[in-house]
Amino acid sequence: MSSFVLGFQDIDKTKLMVVGGKGANLGELSRIDGIRVPEGFCITTEAYKRIISQTPEFNDLLEQLYLLKVEDRERIGEISKKIRSVIEGTVIAKEIEEAVTHFITKLGDKNAYAVRSSATAEDLPTASFAGQQDTYLNIIGKEAILKHISKCWASLFTDRAVIYRMQNGFDHKKVHLSVVIQKMVYPEAAGIMFTADPITSNRKLLSIDASFGLGEALVSGLVSADCYKVQEEEIVDKMIATKKLAIYGLKEGGTETQQIAPDQQKTQTLTEQQILQLARIGRQIEEHFGCPQDIEWCLVDDTFYIVQSRPITTLFPIPEAIDQENHVYVSVGHGQMMTDPMKPLGLSFFLLTTNALMRKAGGRLFVDVTPLLASPASRESILDVMGKGDPLIKDALMTIIERGDFIQSLPDDKQEKTPGKSNQGPSLADFQTLNEYDPAIVSDLIKRSETSIEELKQNIQTKSGSDLIDFILEDIQQLKKSLSGPQGFGVIMTAMNASSWINENMKEWLGEKNVADTLSQSVPNNITSEMGLELLDVADVIRPYPEVINYLQHVKDDSFLDELVQFDGGQESRDALSAYLNKYGMRCAGEIDITRPRWSEKPTTLVPLILSNIKNFEPGESKRRFEQGRQEALKKEQELLDRLKQLPDGEQKAKETKRMISLIRNFIGYREYPKYGMVHRYFVYKQALLK
């Protein structure tokens with residue numbers, strides 16, 4: 001067997017670096033029972049490497065290309081053209097020519113062939129590179145095929161291919177080209193099939209584009225195509241295009257464009273039976289590759305041939321499911337106002353920390369709420385909790401439920417058990433009642449957390465290597481218990497339920513909407529609000545010192561704190577910033593990802609906020625703002641109570657409302673604290689790991 005040429009039957013996905021993405025996929029397709037693939041072979045990347053190694057000028061030109069940026073389009077075009085010329089002008093080595101000739105003779109030297117480029121960075125799950133290199137159809141004869149092999153090699157350096165690699169971070173030297181030689185078939189119809197709908201990303205909706213003649217004309221946009229949608233063995237939609245042109249292959253080589261007769265232009269390209277047959281083929285291919293596929297097909301004498309299949313790279317990733325049922329996932333990141341993907345270490349830490357059963361997709365975390373929505377009993381609880389946290393998510397869940405056909409509703413006596421539920425801590429139903437806690441419990445919970453963190457800081461200092469990893473893993477178990485502890489969770493749910501009670505009843509009794517928002521202003525123990533207010537206090541310290549302000553306006557280096565002391569007021573400013581960072585420096589945007597730079601690590605992040613506070617507010621703003629919010633809450637409380645007393649049974653309504661307001665103001669602030677405690681521990685872990 002030659003190292004320069006491999007038949008499709010000798011190729012599988014492990015040969016990616018030898019035959020490129022297109023070649024590897026064709027080899028895999030050839031191995032699927034019942035899937036017809038036109039015969040062919042691949043000139044391997046070893047042949048390409050051999051060719052460019054013979055041309056010293058190639059490397060010189062490539063070095064010039066490395067000096068350019070994407071914006072240097074004109075210069076990129078000039079150098080790319082020279083590289084193509086060098087490659088096409090290089091004589092193909094005798095042993096490569098002999099290996100190609102052997103396969104052509106074996107398949108039939110009178111046959112016409114498609115000559116296709118197949119790069120090692122092509123048809124990948126994360127980057128398609130579709131259309132970046134060239135394809136030539138209906139090539140007949142050894143000499144013509146060898147010529148077009150050289151043209152394919154050269155097409156690795158078309159302007160568009162070079163720029164695409166630059167934009168996507170692929171090294172020109174590390175991308176090699178194989179060439180696919182495949183017997184031509186002469187289809188009555190051809191097209192593209194997506195096993196997931198490319199418009200809606202619906203994985204269960206298969207989309208077929210079909211037109212008369214060769215598929216390349218459709219791919220390149222030269223002709224119009226019918227579009228068929230298939231879901232669960234049923235054609236659910238059809239759009240029949242007006243097809244004025246078709247491109248056909250000629251037996252003697254080349255192609256021709258034909259006008260379609262007016263009375264045939266609205267003819268459906270595929271029959272209903274053919275559409276469903278092709279859809280089944282698509283699902284079979286998708287199952288083989290394990291992900292949604294973009295498939296090129298053609299129809300010859302009522303037989304479907306597959307000429308290419310590649311992953312669809314434009315679909316947003318979804319969590320893997322162990323079944324074929326519909327699933328509803330709620331994004332964890334959106335709840336944290338964090339839509340960027342997390343790093344693998346960040347995902348790992350958070351998954352170790354949380355009690356909830358989560359799924360991963362695209363570097364993001366999701367909770368599968370399908371079992372909770374399927375059961376009428378748990379559905380009410382999850383909608384209630386989601387509504388309190390994010391009304392828009394509740395609305396979206398309600399829309400899904402109201403569809404009726406997406407989630408199979410379970411009878412009350414057949415509630416589905418969530419996998420791993422025994423490890424999830426308290427259920428939502430455990431805290432649907434309002435507990436009468438002593439307000440001092442919040443201070444106790446905070447003190448307990450602070451003490452625990454100080455103990456962690458002391459104990460972790462003696463650990464290193466594998467002992468440190470074991471120590472962190474053990475401490476995370478304690479963190480999990482604290483996050484789901486009945487007291488802390490009970491306090492939060494009591495406050496949320498009291499807020500819900502207030503909103504529902506004030507709307508019913510007084511016509512007031514979302515009144516709990518006003519009553520929740522300037523509550524004690526809200527660590528997030530305190531964080532914002534204390535940054536205003538930092539601005540107050542810095543405001544009297546123009547030299548410090550001027551320095552901060554130009555600062556870029558995160559070591560700027562050490563430089564502050566040289567200015568008038570610099571020591572005071574440094575002390576205020578250091579105190580703030582000591583208390584809040586473990587925080588940052590996207591802070592549930594342990595890998596994100598913390599404010600302590602990147603304090604320049606805070607500088608624009610401080611300068612904005614200096615510019616836009618007067619001294620003492622934090623106290624004014626807190627007091628204003630407190631007075632508005634007290635005023636609203638008194639207003640509500642006075643109005644309620646005027647209603648039938650008003651005294652009782654006012655008494656119960658006052659109790660609920662008390663629960664809100666005593667406990668709602670603690671809602672932010674468990675996350676603060678978790679992030680604080682994360683930072684201690686991170687510092688120890690970075691030592």
# chains A, B, ... in the order shown; residues from 1 in each chain; ligands from 1

$ select_by_dssp --residues "range 255-451 of chain A" --states "strand (DSSP E)" --output "number ranges by chain"
A: 255-259, 293-300, 303-311, 329-331, 358-361, 364-368

$ write_last_selection --atoms "C-alpha atoms" --output "mmCIF file, in the first residue's frame"
data_model
loop_
_atom_site.group_PDB
_atom_site.id
_atom_site.type_symbol
_atom_site.label_atom_id
_atom_site.label_comp_id
_atom_site.auth_asym_id
_atom_site.auth_seq_id
_atom_site.Cartn_x
_atom_site.Cartn_y
_atom_site.Cartn_z
ATOM 1 C CA THR A 255 -20.501 20.433 -17.402
ATOM 2 C CA GLU A 256 -23.278 22.324 -19.147
ATOM 3 C CA THR A 257 -26.036 24.599 -17.968
ATOM 4 C CA GLN A 258 -29.506 23.784 -19.288
ATOM 5 C CA GLN A 259 -32.676 25.840 -19.271
ATOM 6 C CA GLN A 293 -24.790 16.451 9.828
ATOM 7 C CA ASP A 294 -24.637 18.634 6.725
ATOM 8 C CA ILE A 295 -24.910 16.055 3.914
ATOM 9 C CA GLU A 296 -24.440 16.374 0.143
ATOM 10 C CA TRP A 297 -26.465 13.806 -1.820
ATOM 11 C CA CYS A 298 -27.439 12.959 -5.381
ATOM 12 C CA LEU A 299 -30.117 10.796 -6.972
ATOM 13 C CA VAL A 300 -29.121 8.444 -9.807
ATOM 14 C CA THR A 303 -30.797 5.415 -5.930
ATOM 15 C CA PHE A 304 -29.391 7.917 -3.469
ATOM 16 C CA TYR A 305 -25.618 8.409 -3.332
ATOM 17 C CA ILE A 306 -23.893 10.349 -0.564
ATOM 18 C CA VAL A 307 -20.926 12.411 -1.718
ATOM 19 C CA GLN A 308 -20.135 14.216 1.538
ATOM 20 C CA SER A 309 -21.124 14.570 5.180
ATOM 21 C CA ARG A 310 -19.757 17.026 7.717
ATOM 22 C CA PRO A 311 -20.810 18.236 11.174
ATOM 23 C CA TYR A 329 -32.851 23.233 30.125
ATOM 24 C CA VAL A 330 -32.523 26.411 32.176
ATOM 25 C CA SER A 331 -29.265 28.308 31.751
ATOM 26 C CA MET A 358 -26.468 20.033 35.937
ATOM 27 C CA ARG A 359 -25.562 19.413 32.328
ATOM 28 C CA LYS A 360 -22.726 20.905 30.289
ATOM 29 C CA ALA A 361 -22.828 22.249 26.744
ATOM 30 C CA ARG A 364 -22.012 26.535 29.859
ATOM 31 C CA LEU A 365 -24.108 24.927 32.571
ATOM 32 C CA PHE A 366 -27.784 24.019 32.403
ATOM 33 C CA VAL A 367 -30.320 22.477 34.750
ATOM 34 C CA ASP A 368 -32.688 19.916 33.229
#

$ residues_around --residues "Lys243 in chain A" --least-positions-apart "4" --cutoff "9 Å" --atoms "only C-alpha atoms" --output "compact mmCIF listing (two decimals) with N, CA and C atoms, in the first residue's frame"
# COMPACT_ATOMS: atom_id res chain seq x y z
N SER A 211 -32.63 20.10 -5.98
CA SER A 211 -32.82 20.71 -7.30
C SER A 211 -32.36 19.73 -8.37
N PHE A 212 -32.69 20.00 -9.61
CA PHE A 212 -32.31 19.13 -10.71
C PHE A 212 -30.82 19.31 -11.04
N VAL A 223 -28.40 27.89 -8.65
CA VAL A 223 -29.77 27.48 -9.00
C VAL A 223 -30.66 27.48 -7.77
N SER A 224 -31.96 27.55 -7.99
CA SER A 224 -32.93 27.53 -6.89
C SER A 224 -33.23 26.09 -6.50
N ALA A 225 -33.72 25.92 -5.28
CA ALA A 225 -33.97 24.56 -4.78
C ALA A 225 -35.29 24.48 -4.03
N ASP A 226 -35.92 23.30 -4.14
CA ASP A 226 -37.05 22.99 -3.26
C ASP A 226 -36.50 22.85 -1.84
N GLN A 259 -31.44 25.17 -19.65
CA GLN A 259 -32.68 25.84 -19.27
C GLN A 259 -33.75 24.77 -19.02
N ILE A 260 -34.52 24.94 -17.96
CA ILE A 260 -35.61 24.00 -17.67
C ILE A 260 -36.88 24.53 -18.33
N PRO A 262 -40.48 25.73 -19.15
CA PRO A 262 -41.39 26.46 -18.26
C PRO A 262 -42.40 25.56 -17.54
N GLN A 264 -41.97 22.65 -16.49
CA GLN A 264 -41.31 21.77 -15.54
C GLN A 264 -40.69 22.54 -14.35
N GLN A 265 -40.71 23.86 -14.45
CA GLN A 265 -39.98 24.65 -13.46
C GLN A 265 -40.56 24.55 -12.05
N LYS A 266 -41.85 24.31 -11.93
CA LYS A 266 -42.48 24.19 -10.60
C LYS A 266 -42.69 22.74 -10.20
N THR A 267 -42.08 21.82 -10.95
CA THR A 267 -42.21 20.39 -10.62
C THR A 267 -41.43 20.09 -9.35
